[in-house]
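Right, one structure below, let's go through it.
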Amino acid sequence: EAEHGEVTSATKIRRQVSVEEYLKPQKRFAHLFVKTGHPEKLQRIQADADRISSLVDKLMSFIGTNLGVLTGGGGGVMRLATDQARAKGALTGACFLELEAQPPELGVDFFNTFQESSRHFRQKWFEAADFCIFNVGGVGTLEEVGIEMCNLKLGIRPRVPYVFFNANFWGDLRRQLRTMTESKRAPAWMEDYLLFTDDPDKVVAFYRKKLQVL
């Protein structure tokens, strides 16, 4: 619960369980547990959950209990980030797109909804967040990355740190951005504000360096 932007109380997870134990009772994940299931997907989900949980812990130790997490309100890593943040007492929010094929994932402290034809207005709402952290995603995430990179280049967004929190997944994007700067199609200083990593400690160190926090 929150009052005037300050978290006043949070329900802690009584017993931390594995991703498999958490998903198995839910019918929508039944395909993962049939005899010909997908153990590699469960392992990937568990790895994402552990990585995100560690990141939230590190950010809360750096920023404090006023940490807020704002996502697109979908499932996958967005749901993982929301669950981990709520479990640790952080404020959580979501920007939903009104899509029949992708119902919103509820369970946040605050949210806003946008029609699918108003995606760019939704993106503006994300500017309420101080820092962007891109995890794995699809073409929608790629669109958001493009908008943010363009805003950074044009000075629409201040020069703040951007984190791509899955170095392997975003490896091709990293190489493409470097090609752009080397060919003078993007300013070289942009690279100073981008971090590609899987290490939460490097995220905090990056923030300390760019924000000049001791």
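Following the order of the structure tokens, first chain is A, next is B, and so on, with residues numbered from 1 inside each chain and ligands from 1 in the order they appear.
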Enumerate, as an MDAnalysis selection string, the complete set of residues in segment 85-146 of chain A that a backbone-based DSSP assignment places in helix (DSSP H, G or I). chainID A and resid 85:87 116:128 139:146
What's the 12 Å shell around Arg157 of chain A, counting only C-alpha atoms, without same-chain residues fewer than 3 positions away, as a PDB file with C-alpha atoms, in the first residue's frame?
ATOM      1  CA  LYS A 124       5.636   9.059 -22.636  1.00  0.00           C
ATOM      2  CA  PHE A 126       7.234   5.628 -18.875  1.00  0.00           C
ATOM      3  CA  GLU A 127       9.194   8.848 -18.573  1.00  0.00           C
ATOM      4  CA  ALA A 128       7.811   9.044 -15.039  1.00  0.00           C
ATOM      5  CA  ALA A 129      10.503   6.474 -14.294  1.00  0.00           C
ATOM      6  CA  ASP A 130      13.970   7.860 -13.689  1.00  0.00           C
ATOM      7  CA  PHE A 131      15.905   4.968 -15.227  1.00  0.00           C
ATOM      8  CA  CYS A 132      15.135   2.374 -17.892  1.00  0.00           C
ATOM      9  CA  ILE A 147      12.176   5.523 -28.929  1.00  0.00           C
ATOM     10  CA  GLU A 148      14.364   5.811 -25.838  1.00  0.00           C
ATOM     11  CA  MET A 149      17.618   5.813 -27.817  1.00  0.00           C
ATOM     12  CA  CYS A 150      16.250   8.508 -30.136  1.00  0.00           C
ATOM     13  CA  ASN A 151      15.062  10.584 -27.160  1.00  0.00           C
ATOM     14  CA  LEU A 152      18.512  10.273 -25.588  1.00  0.00           C
ATOM     15  CA  LYS A 153      20.233  11.353 -28.802  1.00  0.00           C
ATOM     16  CA  LEU A 154      17.929  14.360 -29.326  1.00  0.00           C
ATOM     17  CA  VAL A 160      20.725   9.122 -17.632  1.00  0.00           C
ATOM     18  CA  PRO A 161      21.973   5.506 -17.457  1.00  0.00           C
ATOM     19  CA  TYR A 162      20.263   2.856 -19.575  1.00  0.00           C
ATOM     20  CA  TYR A 193      25.241   5.874 -20.980  1.00  0.00           C
TER      21      TYR A 193
END
Among A:Gly76, A:Asp198, A:Glu143, A:Gly155, Arg51 of chain A is approached most closely, using only C-alpha atoms, by A:Asp198
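These are the residues of segment 41-90 of chain A assigned strand (DSSP E or B) by DSSP from backbone coordinates: A:Gly68, A:Val69, A:Leu70, A:Thr71.
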Looking at only C-alpha atoms, which of A:Phe164, A:Phe169, A:Phe121, A:Trp189 is the one that sits closest to Lys202 of chain A? A:Phe164
For Asn166 of chain A, list every protein, DNA or RNA residue within 7 Å, evaluated using only C-alpha atoms, and leave out those in the same chain fewer than 5 positions away; present the list as a VMD selection string. chain A and resid 135 to 136 196 to 198
Output all heavy atoms for every residue in the selection just made, as a PDB file, in the first residue's frame.
ATOM      1  N   ASN A 135      14.970  -5.744 -20.038  1.00  0.00           N
ATOM      2  CA  ASN A 135      15.270  -7.154 -19.896  1.00  0.00           C
ATOM      3  C   ASN A 135      15.001  -7.798 -21.245  1.00  0.00           C
ATOM      4  O   ASN A 135      15.026  -7.115 -22.272  1.00  0.00           O
ATOM      5  CB  ASN A 135      14.408  -7.765 -18.786  1.00  0.00           C
ATOM      6  CG  ASN A 135      15.111  -8.893 -18.064  1.00  0.00           C
ATOM      7  OD1 ASN A 135      15.487  -9.891 -18.671  1.00  0.00           O
ATOM      8  ND2 ASN A 135      15.299  -8.738 -16.769  1.00  0.00           N
ATOM      9  N   VAL A 136      14.761  -9.081 -21.286  1.00  0.00           N
ATOM     10  CA  VAL A 136      14.400  -9.704 -22.564  1.00  0.00           C
ATOM     11  C   VAL A 136      13.035  -9.192 -23.001  1.00  0.00           C
ATOM     12  O   VAL A 136      12.232  -8.740 -22.182  1.00  0.00           O
ATOM     13  CB  VAL A 136      14.379 -11.241 -22.445  1.00  0.00           C
ATOM     14  CG1 VAL A 136      15.753 -11.764 -22.118  1.00  0.00           C
ATOM     15  CG2 VAL A 136      13.369 -11.690 -21.390  1.00  0.00           C
ATOM     16  N   PHE A 196      25.451  -3.075 -20.830  1.00  0.00           N
ATOM     17  CA  PHE A 196      24.952  -4.407 -21.158  1.00  0.00           C
ATOM     18  C   PHE A 196      25.593  -5.379 -20.169  1.00  0.00           C
ATOM     19  O   PHE A 196      26.810  -5.575 -20.184  1.00  0.00           O
ATOM     20  CB  PHE A 196      25.321  -4.788 -22.595  1.00  0.00           C
ATOM     21  CG  PHE A 196      24.681  -3.915 -23.640  1.00  0.00           C
ATOM     22  CD1 PHE A 196      25.214  -2.671 -23.948  1.00  0.00           C
ATOM     23  CD2 PHE A 196      23.552  -4.342 -24.320  1.00  0.00           C
ATOM     24  CE1 PHE A 196      24.633  -1.853 -24.912  1.00  0.00           C
ATOM     25  CE2 PHE A 196      22.955  -3.533 -25.290  1.00  0.00           C
ATOM     26  CZ  PHE A 196      23.498  -2.295 -25.581  1.00  0.00           C
ATOM     27  N   THR A 197      24.788  -5.998 -19.324  1.00  0.00           N
ATOM     28  CA  THR A 197      25.355  -6.853 -18.279  1.00  0.00           C
ATOM     29  C   THR A 197      24.311  -7.812 -17.733  1.00  0.00           C
ATOM     30  O   THR A 197      23.108  -7.642 -17.948  1.00  0.00           O
ATOM     31  CB  THR A 197      25.908  -5.991 -17.123  1.00  0.00           C
ATOM     32  OG1 THR A 197      26.583  -6.823 -16.176  1.00  0.00           O
ATOM     33  CG2 THR A 197      24.782  -5.261 -16.404  1.00  0.00           C
ATOM     34  N   ASP A 198      24.785  -8.809 -16.992  1.00  0.00           N
ATOM     35  CA  ASP A 198      23.936  -9.714 -16.224  1.00  0.00           C
ATOM     36  C   ASP A 198      24.227  -9.591 -14.728  1.00  0.00           C
ATOM     37  O   ASP A 198      23.653 -10.323 -13.931  1.00  0.00           O
ATOM     38  CB  ASP A 198      24.185 -11.170 -16.643  1.00  0.00           C
ATOM     39  CG  ASP A 198      23.803 -11.434 -18.087  1.00  0.00           C
ATOM     40  OD1 ASP A 198      22.643 -11.217 -18.442  1.00  0.00           O
ATOM     41  OD2 ASP A 198      24.680 -11.867 -18.864  1.00  0.00           O
TER      42      ASP A 198
END
Need to verify the contact set: segment 85-101 of chain A, 6 Å, only C-alpha atoms, exclusion of same-chain residues closer than 4 positions in sequence. Can you return it as a compact mmCIF listing (two decimals) with N, CA and C atoms, in the first residue's frame?
# COMPACT_ATOMS: atom_id res chain seq x y z
N ALA A 10 3.56 -3.46 3.01
CA ALA A 10 3.69 -4.44 1.93
C ALA A 10 3.54 -5.83 2.51
N LYS A 12 4.64 -9.39 2.67
CA LYS A 12 5.82 -10.17 2.36
C LYS A 12 5.43 -11.59 1.95
N ILE A 13 6.26 -12.20 1.11
CA ILE A 13 6.04 -13.60 0.76
C ILE A 13 6.36 -14.45 1.98
N LEU A 67 12.17 2.74 -3.69
CA LEU A 67 12.27 2.17 -5.04
C LEU A 67 10.87 1.86 -5.58
N GLY A 68 10.63 2.23 -6.83
CA GLY A 68 9.39 1.88 -7.52
C GLY A 68 9.72 1.18 -8.82
N VAL A 69 8.93 0.19 -9.20
CA VAL A 69 9.14 -0.56 -10.43
C VAL A 69 7.92 -0.40 -11.32
N LEU A 70 8.14 0.12 -12.53
CA LEU A 70 7.08 0.36 -13.50
C LEU A 70 7.33 -0.49 -14.73
N THR A 71 6.35 -1.34 -15.10
CA THR A 71 6.50 -2.21 -16.27
C THR A 71 5.35 -2.01 -17.24
N GLY A 72 5.40 -2.76 -18.32
CA GLY A 72 4.32 -2.71 -19.31
C GLY A 72 3.09 -3.51 -18.92
N GLY A 73 3.14 -4.16 -17.75
CA GLY A 73 1.96 -4.86 -17.25
C GLY A 73 1.71 -6.22 -17.85
N VAL A 108 -0.76 -4.88 -9.04
CA VAL A 108 0.18 -3.78 -8.90
C VAL A 108 -0.46 -2.71 -8.03
N ASP A 109 0.35 -1.76 -7.58
CA ASP A 109 -0.16 -0.70 -6.70
C ASP A 109 -0.88 0.40 -7.49
N PHE A 110 -0.47 0.62 -8.73
CA PHE A 110 -1.14 1.63 -9.56
C PHE A 110 -0.95 1.25 -11.02
N PHE A 111 -1.85 1.72 -11.89
CA PHE A 111 -1.71 1.40 -13.30
C PHE A 111 -2.43 2.44 -14.15
N ASN A 112 -2.14 2.42 -15.43
CA ASN A 112 -2.82 3.25 -16.42
C ASN A 112 -3.03 2.40 -17.66
N THR A 113 -4.06 2.69 -18.44
CA THR A 113 -4.34 1.90 -19.64
C THR A 113 -4.35 2.80 -20.87
N PHE A 114 -3.94 2.23 -22.00
CA PHE A 114 -3.88 2.97 -23.25
C PHE A 114 -4.41 2.09 -24.38
N GLN A 115 -5.10 2.71 -25.33
CA GLN A 115 -5.52 1.97 -26.51
C GLN A 115 -4.29 1.61 -27.33
N GLU A 116 -4.39 0.52 -28.09
CA GLU A 116 -3.24 0.05 -28.84
C GLU A 116 -2.75 1.06 -29.87
Find the distance between atom CA of Glu182 of chain A and atom CA of Leu211 of chain A and write it in Å to one decimal. 25.9 Å
Please measure the separation of atom CA of Val145 of chain A and atom CA of Phe206 of chain A, giving the value in Å to one decimal. 18.9 Å
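Taking atom CA of Asp48 of chain A and atom CA of Ala81 of chain A as the two end points, the separation is 9.3 Å.
The residue that comes closest to Gln123 of chain A, out of A:Gly146, A:Ala205, A:Gly64, A:Ala47 and on the basis of only C-alpha atoms, is A:Gly146.
Between Pro200 of chain A and the candidates A:Trp125, A:Leu42, A:Gly137, A:Phe165, the tightest atom-to-atom separation, counting only C-alpha atoms, involves A:Phe165.
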